[in-house]
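S.K.: Just one file: my_file-v5.cif, with mmCIF, C-alpha atoms and all ligand atoms.
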```
data_input
#
loop_
_atom_site.group_PDB
_atom_site.id
_atom_site.type_symbol
_atom_site.label_atom_id
_atom_site.label_comp_id
_atom_site.auth_asym_id
_atom_site.auth_seq_id
_atom_site.Cartn_x
_atom_site.Cartn_y
_atom_site.Cartn_z
ATOM 1 C CA MET A 1 -88.268 32.406 -79.597
ATOM 2 C CA ILE A 2 -85.446 29.987 -80.386
ATOM 3 C CA THR A 3 -85.140 27.172 -77.847
ATOM 4 C CA PHE A 4 -82.421 24.575 -77.311
ATOM 5 C CA ASP A 5 -83.509 21.622 -75.189
ATOM 6 C CA LYS A 6 -80.617 19.389 -74.092
ATOM 7 C CA VAL A 7 -78.900 19.709 -77.457
ATOM 8 C CA THR A 8 -75.753 17.675 -78.013
ATOM 9 C CA LYS A 9 -73.523 17.504 -81.066
ATOM 10 C CA ALA A 10 -70.839 14.852 -81.242
ATOM 11 C CA TYR A 11 -68.876 14.864 -84.508
ATOM 12 C CA PRO A 12 -68.033 11.496 -86.089
ATOM 13 C CA ASP A 13 -64.424 11.771 -84.867
ATOM 14 C CA GLY A 14 -65.674 11.801 -81.270
ATOM 15 C CA THR A 15 -65.410 15.553 -80.583
ATOM 16 C CA THR A 16 -68.337 16.682 -78.450
ATOM 17 C CA ALA A 17 -68.758 20.253 -79.677
ATOM 18 C CA VAL A 18 -71.986 20.955 -77.772
ATOM 19 C CA ASN A 19 -73.069 19.051 -74.679
ATOM 20 C CA GLU A 20 -76.685 19.074 -73.458
ATOM 21 C CA LEU A 21 -77.158 22.754 -74.162
ATOM 22 C CA ASP A 22 -80.326 24.402 -72.834
ATOM 23 C CA LEU A 23 -80.920 27.894 -74.144
ATOM 24 C CA GLU A 24 -83.811 30.294 -74.677
ATOM 25 C CA CYS A 25 -83.450 33.174 -77.104
ATOM 26 C CA PRO A 26 -86.448 35.504 -76.693
ATOM 27 C CA SER A 27 -88.423 36.847 -79.629
ATOM 28 C CA GLY A 28 -87.533 40.268 -80.919
ATOM 29 C CA LYS A 29 -84.281 40.347 -78.945
ATOM 30 C CA ILE A 30 -80.593 39.878 -79.654
ATOM 31 C CA THR A 31 -78.925 36.983 -77.854
ATOM 32 C CA ALA A 32 -75.141 37.221 -77.941
ATOM 33 C CA LEU A 33 -73.326 33.888 -77.679
ATOM 34 C CA VAL A 34 -69.782 34.603 -76.614
ATOM 35 C CA GLY A 35 -66.878 32.303 -75.806
ATOM 36 C CA PRO A 36 -63.404 31.244 -76.877
ATOM 37 C CA SER A 37 -62.591 29.621 -80.185
ATOM 38 C CA GLY A 38 -63.672 25.980 -80.290
ATOM 39 C CA CYS A 39 -66.385 26.185 -77.620
ATOM 40 C CA GLY A 40 -69.156 25.230 -80.035
ATOM 41 C CA LYS A 41 -70.635 28.592 -81.058
ATOM 42 C CA THR A 42 -70.692 27.959 -84.810
ATOM 43 C CA THR A 43 -71.888 24.384 -84.322
ATOM 44 C CA SER A 44 -74.794 25.673 -82.189
ATOM 45 C CA LEU A 45 -75.750 28.244 -84.800
ATOM 46 C CA ARG A 46 -75.549 25.855 -87.759
ATOM 47 C CA MET A 47 -77.741 23.322 -85.987
ATOM 48 C CA ILE A 48 -80.567 25.880 -85.938
ATOM 49 C CA ASN A 49 -80.812 26.085 -89.731
ATOM 50 C CA ARG A 50 -79.890 22.398 -90.024
ATOM 51 C CA LEU A 51 -76.626 22.834 -91.860
ATOM 52 C CA ILE A 52 -75.562 20.464 -89.052
ATOM 53 C CA GLU A 53 -77.931 17.944 -87.408
ATOM 54 C CA PRO A 54 -77.851 17.574 -83.602
ATOM 55 C CA THR A 55 -76.864 14.166 -82.244
ATOM 56 C CA SER A 56 -79.617 14.483 -79.635
ATOM 57 C CA GLY A 57 -81.932 17.080 -78.151
ATOM 58 C CA THR A 58 -84.440 19.431 -79.737
ATOM 59 C CA ILE A 59 -84.227 22.886 -81.254
ATOM 60 C CA SER A 60 -87.521 24.756 -81.646
ATOM 61 C CA LEU A 61 -88.675 27.937 -83.327
ATOM 62 C CA ASP A 62 -91.662 29.417 -81.527
ATOM 63 C CA GLY A 63 -92.338 26.025 -79.985
ATOM 64 C CA GLU A 64 -92.113 23.998 -83.197
ATOM 65 C CA SER A 65 -89.285 21.471 -83.497
ATOM 66 C CA THR A 66 -86.950 22.190 -86.441
ATOM 67 C CA ALA A 67 -86.539 18.414 -86.907
ATOM 68 C CA ASP A 68 -90.099 18.354 -88.271
ATOM 69 C CA MET A 69 -89.493 21.147 -90.773
ATOM 70 C CA ASP A 70 -88.359 20.985 -94.362
ATOM 71 C CA PRO A 71 -84.769 22.320 -94.282
ATOM 72 C CA ALA A 72 -85.216 24.526 -97.362
ATOM 73 C CA LEU A 73 -88.353 26.139 -95.940
ATOM 74 C CA LEU A 74 -86.705 26.421 -92.538
ATOM 75 C CA ARG A 75 -83.790 28.354 -94.074
ATOM 76 C CA ARG A 76 -86.170 30.842 -95.663
ATOM 77 C CA ARG A 77 -87.425 31.729 -92.187
ATOM 78 C CA ILE A 78 -83.897 32.345 -90.961
ATOM 79 C CA GLY A 79 -81.498 34.969 -92.268
ATOM 80 C CA TYR A 80 -77.879 33.846 -92.039
ATOM 81 C CA VAL A 81 -74.919 36.226 -91.985
ATOM 82 C CA ILE A 82 -71.353 34.958 -91.801
ATOM 83 C CA GLN A 83 -67.897 36.450 -91.493
ATOM 84 C CA HIS A 84 -66.625 37.780 -94.850
ATOM 85 C CA ALA A 85 -70.291 37.973 -95.950
ATOM 86 C CA GLY A 86 -70.040 34.862 -98.187
ATOM 87 C CA LEU A 87 -71.404 36.670 -101.223
ATOM 88 C CA PHE A 88 -71.776 34.908 -104.557
ATOM 89 C CA PRO A 89 -68.610 36.171 -106.292
ATOM 90 C CA HIS A 90 -69.874 36.048 -109.865
ATOM 91 C CA ARG A 91 -73.053 37.980 -109.188
ATOM 92 C CA THR A 92 -73.510 41.705 -108.846
ATOM 93 C CA ILE A 93 -74.406 43.208 -105.488
ATOM 94 C CA VAL A 94 -78.045 43.663 -106.421
ATOM 95 C CA ASP A 95 -78.252 40.096 -107.778
ATOM 96 C CA ASN A 96 -76.787 38.751 -104.547
ATOM 97 C CA VAL A 97 -79.638 40.371 -102.635
ATOM 98 C CA ALA A 98 -82.333 39.647 -105.269
ATOM 99 C CA THR A 99 -81.711 35.862 -105.319
ATOM 100 C CA MET A 100 -84.012 35.115 -102.415
ATOM 101 C CA PRO A 101 -86.934 37.358 -103.521
ATOM 102 C CA LYS A 102 -86.703 35.611 -106.910
ATOM 103 C CA LEU A 103 -86.750 32.186 -105.225
ATOM 104 C CA LEU A 104 -89.816 33.371 -103.319
ATOM 105 C CA GLY A 105 -91.621 34.030 -106.581
ATOM 106 C CA LYS A 106 -91.066 37.711 -107.274
ATOM 107 C CA THR A 107 -90.507 38.776 -110.863
ATOM 108 C CA LYS A 108 -87.025 39.948 -111.865
ATOM 109 C CA LYS A 109 -88.122 43.565 -111.692
ATOM 110 C CA GLU A 110 -89.859 43.232 -108.313
ATOM 111 C CA ALA A 111 -86.862 41.352 -106.919
ATOM 112 C CA ARG A 112 -84.516 44.098 -108.078
ATOM 113 C CA THR A 113 -86.712 46.808 -106.572
ATOM 114 C CA ARG A 114 -86.809 44.942 -103.257
ATOM 115 C CA ALA A 115 -83.039 44.404 -103.364
ATOM 116 C CA MET A 116 -82.448 48.107 -103.989
ATOM 117 C CA GLU A 117 -84.640 49.001 -100.986
ATOM 118 C CA LEU A 118 -82.711 46.584 -98.784
ATOM 119 C CA LEU A 119 -79.363 47.942 -99.942
ATOM 120 C CA GLU A 120 -80.563 51.403 -98.994
ATOM 121 C CA THR A 121 -81.716 50.073 -95.605
ATOM 122 C CA VAL A 122 -78.182 48.884 -94.838
ATOM 123 C CA GLY A 123 -76.686 52.156 -96.014
ATOM 124 C CA LEU A 124 -75.323 51.237 -99.421
ATOM 125 C CA ALA A 125 -75.686 53.807 -102.175
ATOM 126 C CA ALA A 126 -77.460 52.775 -105.385
ATOM 127 C CA ASN A 127 -74.270 53.101 -107.405
ATOM 128 C CA PHE A 128 -72.862 49.982 -105.719
ATOM 129 C CA ALA A 129 -75.716 47.823 -107.006
ATOM 130 C CA ASP A 130 -74.153 46.750 -110.283
ATOM 131 C CA ARG A 131 -70.645 46.203 -108.957
ATOM 132 C CA TYR A 132 -69.224 42.828 -107.969
ATOM 133 C CA PRO A 133 -68.343 41.775 -104.413
ATOM 134 C CA TRP A 134 -64.572 42.072 -104.977
ATOM 135 C CA GLN A 135 -65.050 45.743 -105.848
ATOM 136 C CA LEU A 136 -66.378 46.503 -102.357
ATOM 137 C CA SER A 137 -64.593 46.966 -99.038
ATOM 138 C CA GLY A 138 -65.020 44.382 -96.280
ATOM 139 C CA GLY A 139 -67.468 46.624 -94.427
ATOM 140 C CA GLN A 140 -69.530 47.217 -97.556
ATOM 141 C CA GLN A 141 -69.616 43.479 -98.237
ATOM 142 C CA GLN A 142 -70.902 42.873 -94.702
ATOM 143 C CA ARG A 143 -73.718 45.354 -95.380
ATOM 144 C CA VAL A 144 -74.647 43.374 -98.486
ATOM 145 C CA GLY A 145 -74.548 40.184 -96.380
ATOM 146 C CA VAL A 146 -77.053 41.706 -93.954
ATOM 147 C CA ALA A 147 -79.274 42.936 -96.815
ATOM 148 C CA ARG A 148 -79.222 39.474 -98.380
ATOM 149 C CA ALA A 149 -80.150 37.843 -95.081
ATOM 150 C CA LEU A 150 -83.100 40.241 -94.746
ATOM 151 C CA ALA A 151 -84.324 39.554 -98.279
ATOM 152 C CA ALA A 152 -86.698 36.733 -97.323
ATOM 153 C CA ASP A 153 -88.049 38.930 -94.505
ATOM 154 C CA PRO A 154 -87.111 36.233 -91.990
ATOM 155 C CA ALA A 155 -88.365 36.353 -88.403
ATOM 156 C CA PHE A 156 -85.013 34.975 -87.247
ATOM 157 C CA MET A 157 -81.437 35.994 -87.941
ATOM 158 C CA LEU A 158 -78.274 34.032 -87.193
ATOM 159 C CA MET A 159 -75.066 36.025 -87.350
ATOM 160 C CA ASP A 160 -71.691 34.317 -87.063
ATOM 161 C CA GLU A 161 -68.925 36.829 -86.277
ATOM 162 C CA PRO A 162 -70.634 39.236 -88.699
ATOM 163 C CA PHE A 163 -68.432 42.248 -88.016
ATOM 164 C CA SER A 164 -65.106 40.675 -87.111
ATOM 165 C CA ALA A 165 -63.520 40.807 -90.573
ATOM 166 C CA VAL A 166 -63.402 44.609 -90.632
ATOM 167 C CA ASP A 167 -61.183 47.099 -88.848
ATOM 168 C CA PRO A 168 -62.252 48.382 -85.398
ATOM 169 C CA VAL A 169 -63.558 51.764 -86.596
ATOM 170 C CA VAL A 170 -65.754 50.247 -89.303
ATOM 171 C CA ARG A 171 -66.808 47.494 -86.922
ATOM 172 C CA SER A 172 -68.036 49.968 -84.353
ATOM 173 C CA GLN A 173 -69.919 51.888 -87.048
ATOM 174 C CA LEU A 174 -71.559 48.707 -88.401
ATOM 175 C CA GLN A 175 -72.534 47.652 -84.866
ATOM 176 C CA ASP A 176 -74.196 51.020 -84.190
ATOM 177 C CA GLU A 177 -76.061 50.932 -87.486
ATOM 178 C CA PHE A 178 -77.119 47.371 -86.890
ATOM 179 C CA LEU A 179 -78.585 48.266 -83.487
ATOM 180 C CA ARG A 180 -80.513 51.155 -85.077
ATOM 181 C CA LEU A 181 -81.806 48.826 -87.795
ATOM 182 C CA GLN A 182 -82.885 46.199 -85.232
ATOM 183 C CA LYS A 183 -84.946 48.863 -83.421
ATOM 184 C CA ASP A 184 -87.109 49.033 -86.555
ATOM 185 C CA ILE A 185 -87.148 45.392 -87.618
ATOM 186 C CA GLY A 186 -87.259 43.654 -84.198
ATOM 187 C CA LYS A 187 -85.988 40.275 -85.395
ATOM 188 C CA THR A 188 -85.147 37.353 -83.121
ATOM 189 C CA ILE A 189 -81.383 37.325 -83.471
ATOM 190 C CA ILE A 190 -78.467 35.221 -82.292
ATOM 191 C CA ILE A 191 -75.044 36.758 -82.739
ATOM 192 C CA VAL A 192 -71.995 34.595 -82.206
ATOM 193 C CA THR A 193 -68.781 36.350 -81.276
ATOM 194 C CA HIS A 194 -65.498 35.711 -79.465
ATOM 195 C CA ASP A 195 -65.406 39.411 -78.507
ATOM 196 C CA ILE A 196 -66.940 40.072 -75.086
ATOM 197 C CA ASP A 197 -67.169 43.816 -75.807
ATOM 198 C CA GLU A 198 -69.211 43.120 -78.920
ATOM 199 C CA ALA A 199 -71.450 40.720 -76.977
ATOM 200 C CA LEU A 200 -72.093 43.302 -74.267
ATOM 201 C CA LYS A 201 -72.755 46.041 -76.794
ATOM 202 C CA LEU A 202 -75.139 44.099 -79.042
ATOM 203 C CA GLY A 203 -76.788 41.550 -76.782
ATOM 204 C CA ASP A 204 -80.081 42.124 -74.998
ATOM 205 C CA GLN A 205 -79.123 38.809 -73.435
ATOM 206 C CA VAL A 206 -75.534 37.553 -73.196
ATOM 207 C CA VAL A 207 -74.674 33.873 -72.908
ATOM 208 C CA VAL A 208 -71.093 32.903 -72.169
ATOM 209 C CA LEU A 209 -70.172 29.473 -73.493
ATOM 210 C CA ARG A 210 -67.264 27.319 -72.501
ATOM 211 C CA THR A 211 -66.391 24.005 -74.102
ATOM 212 C CA GLY A 212 -69.535 21.904 -73.983
ATOM 213 C CA GLY A 213 -71.853 24.181 -72.061
ATOM 214 C CA ILE A 214 -72.918 27.486 -70.577
ATOM 215 C CA LEU A 215 -70.577 29.252 -68.184
ATOM 216 C CA ALA A 216 -72.825 32.203 -67.390
ATOM 217 C CA GLN A 217 -76.068 33.596 -68.632
ATOM 218 C CA SER A 218 -77.784 36.843 -67.894
ATOM 219 C CA ALA A 219 -81.043 38.537 -68.729
ATOM 220 C CA THR A 220 -79.154 41.776 -69.299
ATOM 221 C CA PRO A 221 -75.506 42.496 -70.063
ATOM 222 C CA LEU A 222 -75.213 44.628 -66.911
ATOM 223 C CA GLU A 223 -76.342 41.719 -64.750
ATOM 224 C CA LEU A 224 -73.533 39.626 -66.214
ATOM 225 C CA LEU A 225 -70.928 42.189 -65.241
ATOM 226 C CA THR A 226 -72.218 42.609 -61.709
ATOM 227 C CA GLU A 227 -72.960 38.972 -60.856
HETATM 228 P P1 LIG B 301 -66.498 27.914 -82.236
HETATM 229 O O1 LIG B 301 -67.460 28.402 -83.259
HETATM 230 O O2 LIG B 301 -66.888 28.290 -80.835
HETATM 231 O O3 LIG B 301 -65.085 28.279 -82.534
HETATM 232 P P2 LIG B 301 -67.020 25.281 -83.353
HETATM 233 O O4 LIG B 301 -68.475 25.048 -83.209
HETATM 234 O O5 LIG B 301 -66.524 25.692 -84.683
HETATM 235 O O6 LIG B 301 -66.566 26.305 -82.231
HETATM 236 O O7 LIG B 301 -66.250 23.955 -82.929
HETATM 237 C C1 LIG B 301 -66.489 23.294 -81.673
HETATM 238 C C2 LIG B 301 -65.598 22.063 -81.572
HETATM 239 O O8 LIG B 301 -65.991 21.114 -82.556
HETATM 240 C C3 LIG B 301 -64.122 22.325 -81.797
HETATM 241 O O9 LIG B 301 -63.396 21.459 -80.975
HETATM 242 C C4 LIG B 301 -63.943 21.972 -83.256
HETATM 243 O O10 LIG B 301 -62.610 21.579 -83.510
HETATM 244 C C5 LIG B 301 -64.899 20.822 -83.406
HETATM 245 N N1 LIG B 301 -65.414 20.687 -84.778
HETATM 246 C C6 LIG B 301 -66.026 21.627 -85.516
HETATM 247 N N2 LIG B 301 -66.408 21.146 -86.723
HETATM 248 C C7 LIG B 301 -66.012 19.841 -86.723
HETATM 249 C C8 LIG B 301 -66.114 18.770 -87.684
HETATM 250 N N3 LIG B 301 -66.714 18.938 -88.870
HETATM 251 N N4 LIG B 301 -65.595 17.576 -87.333
HETATM 252 C C9 LIG B 301 -65.001 17.379 -86.141
HETATM 253 N N5 LIG B 301 -64.890 18.340 -85.196
HETATM 254 C C10 LIG B 301 -65.378 19.549 -85.487
HETATM 255 P P1 LIG B 302 -79.021 29.078 -109.346
HETATM 256 O O1 LIG B 302 -79.152 30.484 -109.810
HETATM 257 O O2 LIG B 302 -77.772 28.392 -109.784
HETATM 258 O O3 LIG B 302 -80.266 28.254 -109.539
HETATM 259 P P2 LIG B 302 -79.632 29.890 -106.654
HETATM 260 O O4 LIG B 302 -79.869 31.289 -107.053
HETATM 261 O O5 LIG B 302 -80.844 29.097 -106.295
HETATM 262 O O6 LIG B 302 -78.810 29.127 -107.768
HETATM 263 O O7 LIG B 302 -78.627 29.871 -105.416
HETATM 264 C C1 LIG B 302 -77.294 29.422 -105.477
HETATM 265 C C2 LIG B 302 -76.869 28.857 -104.146
HETATM 266 O O8 LIG B 302 -76.921 29.852 -103.135
HETATM 267 C C3 LIG B 302 -77.762 27.745 -103.653
HETATM 268 O O9 LIG B 302 -76.958 26.776 -103.002
HETATM 269 C C4 LIG B 302 -78.698 28.407 -102.673
HETATM 270 O O10 LIG B 302 -79.108 27.502 -101.661
HETATM 271 C C5 LIG B 302 -77.804 29.465 -102.084
HETATM 272 N N1 LIG B 302 -78.559 30.664 -101.685
HETATM 273 C C6 LIG B 302 -79.558 31.249 -102.338
HETATM 274 N N2 LIG B 302 -80.009 32.328 -101.714
HETATM 275 C C7 LIG B 302 -79.251 32.454 -100.590
HETATM 276 C C8 LIG B 302 -79.208 33.380 -99.527
HETATM 277 N N3 LIG B 302 -80.028 34.419 -99.433
HETATM 278 N N4 LIG B 302 -78.294 33.188 -98.557
HETATM 279 C C9 LIG B 302 -77.457 32.152 -98.608
HETATM 280 N N5 LIG B 302 -77.440 31.251 -99.593
HETATM 281 C C10 LIG B 302 -78.325 31.379 -100.572
#
```
Output the file's structure in the form of structure tokens.

M.R.:
Amino acid sequence: MITFDKVTKAYPDGTTAVNELDLECPSGKITALVGPSGCGKTTSLRMINRLIEPTSGTISLDGESTADMDPALLRRRIGYVIQHAGLFPHRTIVDNVATMPKLLGKTKKEARTRAMELLETVGLAANFADRYPWQLSGGQQQRVGVARALAADPAFMLMDEPFSAVDPVVRSQLQDEFLRLQKDIGKTIIIVTHDIDEALKLGDQVVVLRTGGILAQSATPLELLTE
């Protein structure tokens, strides 16, 4: 479970991006955070893996405050997927995915084997492994991004507009595959999106944000539509 307890982020210029946010994201489920541009979605996500520090309030993973954790160790527990995948441009596909297993102490060969398994899991054929990111389509790069995030076998996944950089047909396909994958892996996931359709499709729980706080929250997407 990921918990926000009265979390506020005020940037140095005075912008309050997140204001006393309370949120519970249940274990093994997908929480979709949806809302217009500028409402604090990315800020909320990046506070969880401490790329940004909250001004006040507490964020906890399974009851343990992230403020007490070593940021590097914290980030190994949390897979992070961003728009445009953010792959290392000068590394091959398999090296992009193998970086984390290597950091976690696997040998080069073990790390490569693990990376190849993960690439297969996200539906990328072995012949992509030794190519470079620029040689792949946007949708293929997003698959690599997901594989890389899974490489530390994290219990938690944060996904920031993971499918929005691809065309609608590919997006829909990636969403379907991702839901099938989640059935097997059962991670605790937060997906940030500005697309209400995507939120309703992917979220076990949907939270609608407006500037500074929660507008609506539902246990199930259907509940949100019928409230
Ligand atoms: P979203 O992801 O929902 O589009 P963000 O979390 O990126 O929203 O931004 C929330 C608010 O905080 C916006 O008003 C944005 O302009 C502001 N903001 C984001 N990053 C910074 C920053 N580094 N410094 C000042 N203001 C920022
Ligand atoms: P080097 O090979 O130069 O020692 P690393 O392989 O440790 O560098 O990683 C390069 C950069 O990418 C570092 O800033 C590291 O924190 C970051 N990084 C490593 N693995 C991942 C990952 N799975 N997801 C996102 N960033 C990562």

S.K.: Put a box with edges along x, y and z around all the listed atoms of ligand LIG 302 (chain B), pad it by 4 Å on each side, then give me its centre and sizes in Å, one decimal, as lines of an AutoDock Vina configuration file.

M.R.:
```
center_x = -78.9
center_y = 30.6
center_z = -104.2
size_x = 12.0
size_y = 15.6
size_z = 19.3
```

S.K.: So which residues touch Pro101 in chain A within 7 Å, counting all atoms listed in the file, skipping near sequence neighbours fewer than 3 positions away, as a ChimeraX atom specification?

M.R.: /A:98,104-106,111,151-152

S.K.: Return as a PyMOL selection string the set of residues that the PyMOL selection byres (((not hetatm)) within 8 of (chain B and resi 301)) yields on the displayed structure.

M.R.: chain A and resi 10-18+35-44+192+194+211

S.K.: Those selected residues, please, written with C-alpha atoms and delivered as a PDB file, in the coordinates of the input.

M.R.:
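Below is the file that was written, again.pdb:
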```pdb
ATOM      1  CA  ALA A  10     -70.839  14.852 -81.242  1.00  0.00           C
ATOM      2  CA  TYR A  11     -68.876  14.864 -84.508  1.00  0.00           C
ATOM      3  CA  PRO A  12     -68.033  11.496 -86.089  1.00  0.00           C
ATOM      4  CA  ASP A  13     -64.424  11.771 -84.867  1.00  0.00           C
ATOM      5  CA  GLY A  14     -65.674  11.801 -81.270  1.00  0.00           C
ATOM      6  CA  THR A  15     -65.410  15.553 -80.583  1.00  0.00           C
ATOM      7  CA  THR A  16     -68.337  16.682 -78.450  1.00  0.00           C
ATOM      8  CA  ALA A  17     -68.758  20.253 -79.677  1.00  0.00           C
ATOM      9  CA  VAL A  18     -71.986  20.955 -77.772  1.00  0.00           C
ATOM     10  CA  GLY A  35     -66.878  32.303 -75.806  1.00  0.00           C
ATOM     11  CA  PRO A  36     -63.404  31.244 -76.877  1.00  0.00           C
ATOM     12  CA  SER A  37     -62.591  29.621 -80.185  1.00  0.00           C
ATOM     13  CA  GLY A  38     -63.672  25.980 -80.290  1.00  0.00           C
ATOM     14  CA  CYS A  39     -66.385  26.185 -77.620  1.00  0.00           C
ATOM     15  CA  GLY A  40     -69.156  25.230 -80.035  1.00  0.00           C
ATOM     16  CA  LYS A  41     -70.635  28.592 -81.058  1.00  0.00           C
ATOM     17  CA  THR A  42     -70.692  27.959 -84.810  1.00  0.00           C
ATOM     18  CA  THR A  43     -71.888  24.384 -84.322  1.00  0.00           C
ATOM     19  CA  SER A  44     -74.794  25.673 -82.189  1.00  0.00           C
ATOM     20  CA  VAL A 192     -71.995  34.595 -82.206  1.00  0.00           C
ATOM     21  CA  HIS A 194     -65.498  35.711 -79.465  1.00  0.00           C
ATOM     22  CA  THR A 211     -66.391  24.005 -74.102  1.00  0.00           C
TER      23      THR A 211
END
```

S.K.: Can I get the residues close to ligand LIG 302 (chain B) as a list in words, where close means within 6 Å and we count all atoms listed in the file?

M.R.: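 Listing the residues within 6 Å of ligand LIG 302 (chain B) gives Thr99, Met100, Arg148 and Ala149 of chain A.
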
S.K.: Just the selected residues (C-alpha atoms), exported as a PDB file, keeping the file's coordinate frame, please.

M.R.:
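Generated output (again.pdb):
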```pdb
ATOM      1  CA  THR A  99     -81.711  35.862-105.319  1.00  0.00           C
ATOM      2  CA  MET A 100     -84.012  35.115-102.415  1.00  0.00           C
ATOM      3  CA  ARG A 148     -79.222  39.474 -98.380  1.00  0.00           C
ATOM      4  CA  ALA A 149     -80.150  37.843 -95.081  1.00  0.00           C
TER       5      ALA A 149
END
```

S.K.: I'd like the neighbourhood of Gln173 in chain A as a list of chain:residue names, where a residue qualifies if any of its atoms comes within 12 Å (using only C-alpha atoms), though same-chain residues fewer than 5 positions away should be ignored.

M.R.: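 Close residues of Gln173 in chain A: A:Val122, A:Gly123, A:Gly139, A:Gln140, A:Gln142, A:Arg143, A:Phe163, A:Val166, A:Asp167, A:Pro168, A:Phe178, A:Leu179, A:Arg180, A:Glu198.
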
S.K.: Residues within 9 Å of (-75.4, 44.3, -108.0), file coordinates, counting all atoms listed in the file: what are they? Give the list as a VMD selection string.

M.R.: chain A and resid 91 to 98 115 to 116 127 to 133

S.K.: Now that the selection is made, can you save its residues with C-alpha atoms as an mmCIF file, in the frame of the given file?

M.R.:
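File produced: again_9.cif:
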```
data_model
loop_
_atom_site.group_PDB
_atom_site.id
_atom_site.type_symbol
_atom_site.label_atom_id
_atom_site.label_comp_id
_atom_site.auth_asym_id
_atom_site.auth_seq_id
_atom_site.Cartn_x
_atom_site.Cartn_y
_atom_site.Cartn_z
ATOM 1 C CA ARG A 91 -73.053 37.980 -109.188
ATOM 2 C CA THR A 92 -73.510 41.705 -108.846
ATOM 3 C CA ILE A 93 -74.406 43.208 -105.488
ATOM 4 C CA VAL A 94 -78.045 43.663 -106.421
ATOM 5 C CA ASP A 95 -78.252 40.096 -107.778
ATOM 6 C CA ASN A 96 -76.787 38.751 -104.547
ATOM 7 C CA VAL A 97 -79.638 40.371 -102.635
ATOM 8 C CA ALA A 98 -82.333 39.647 -105.269
ATOM 9 C CA ALA A 115 -83.039 44.404 -103.364
ATOM 10 C CA MET A 116 -82.448 48.107 -103.989
ATOM 11 C CA ASN A 127 -74.270 53.101 -107.405
ATOM 12 C CA PHE A 128 -72.862 49.982 -105.719
ATOM 13 C CA ALA A 129 -75.716 47.823 -107.006
ATOM 14 C CA ASP A 130 -74.153 46.750 -110.283
ATOM 15 C CA ARG A 131 -70.645 46.203 -108.957
ATOM 16 C CA TYR A 132 -69.224 42.828 -107.969
ATOM 17 C CA PRO A 133 -68.343 41.775 -104.413
#
```

S.K.: Identify all residues satisfying the PyMOL selection byres (((chain A and resi 48) around 9) and not hetatm) in the given file; provide them as a PyMOL selection string.

M.R.: chain A and resi 2+4+43-47+49-53+59-61+66+78+158

S.K.: Just give me the gap between CA of Gln205 in chain A and CA of Thr31 in chain A in Å, one decimal is fine.

M.R.: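 CA of Thr31 in chain A lies at a distance of 4.8 Å from CA of Gln205 in chain A.
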
S.K.: Quote the spacing between CA of Leu118 in chain A and CA of Val81 in chain A in Å to one decimal place.

M.R.: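 For CA of Leu118 in chain A relative to CA of Val81 in chain A, the distance reads 14.6 Å.
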
S.K.: Between A:Leu87, A:Leu181, A:Ala165, A:Ala199, which residue has the minimum interatomic distance to Glu120 in chain A, considering only C-alpha atoms?

M.R.: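 Smallest distance to Glu120 in chain A is found for A:Leu181.
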
S.K.: I'd like the residues picked by the PyMOL selection byres (((chain A and resi 77) around 8) and not hetatm) written out as a list in words, using the chain letters and numbers from the file.

M.R.: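 On the file shown, the PyMOL selection byres (((chain A and resi 77) around 8) and not hetatm) covers Leu73, Leu74, Arg75, Arg76, Ile78, Gly79, Ala152, Asp153, Pro154, Ala155 and Phe156 of chain A.
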
S.K.: How far is it from CA of Phe88 in chain A to CA of Lys187 in chain A, in Å with one decimal?

M.R.: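 The value is 24.5 Å.
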
S.K.: I'd like the neighbourhood of Thr58 in chain A as a ChimeraX atom specification, where a residue qualifies if any of its atoms comes within 9 Å (using all atoms listed in the file), though same-chain residues fewer than 6 positions away should be ignored.

M.R.: /A:3-7,65-67

S.K.: Here is a test: counting only C-alpha atoms, which residue of A:Ser137, A:Leu200, A:Val144, A:Arg112 is nearest to Val170 in chain A?

M.R.: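 Closest to Val170 in chain A, using only C-alpha atoms: A:Ser137.
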
S.K.: So which one's closest to Val207 in chain A, A:Ile185, A:Ile82, A:Leu33, A:Leu23? Using all atoms listed in the file, please.

M.R.: A:Leu33

S.K.: Using all atoms listed in the file, pick whichever of A:Gly57, A:Ile191, A:Lys108, A:His84 has the shortest atom-to-atom distance to Val206 in chain A.

M.R.: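 Looking only at the distances to Val206 in chain A, the closest residue turns out to be A:Ile191.
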
S.K.: From the list A:Gly138, A:Ala72, A:Leu124, A:Ser56, which residue is nearest Asn19 in chain A when using all atoms listed in the file?

M.R.: A:Ser56

S.K.: What would the file be for range 43-55 of chain A if you keep C-alpha atoms and write it as a CSV table (one decimal), in the first residue's frame?

M.R.:
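Contents of out_3.csv, freshly written:
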```
chain,number,residue,atom,x,y,z
A,43,THR,CA,4.7,16.1,-8.5
A,44,SER,CA,2.7,13.6,-6.4
A,45,LEU,CA,4.4,10.7,-8.2
A,46,ARG,CA,7.9,12.0,-8.0
A,47,MET,CA,7.5,12.6,-4.3
A,48,ILE,CA,7.0,8.9,-3.8
A,49,ASN,CA,10.5,7.9,-5.1
A,50,ARG,CA,11.9,11.2,-3.6
A,51,LEU,CA,12.9,12.8,-6.8
A,52,ILE,CA,11.0,15.6,-5.2
A,53,GLU,CA,10.8,16.1,-1.4
A,54,PRO,CA,7.4,17.0,0.1
A,55,THR,CA,7.2,20.3,2.0
```
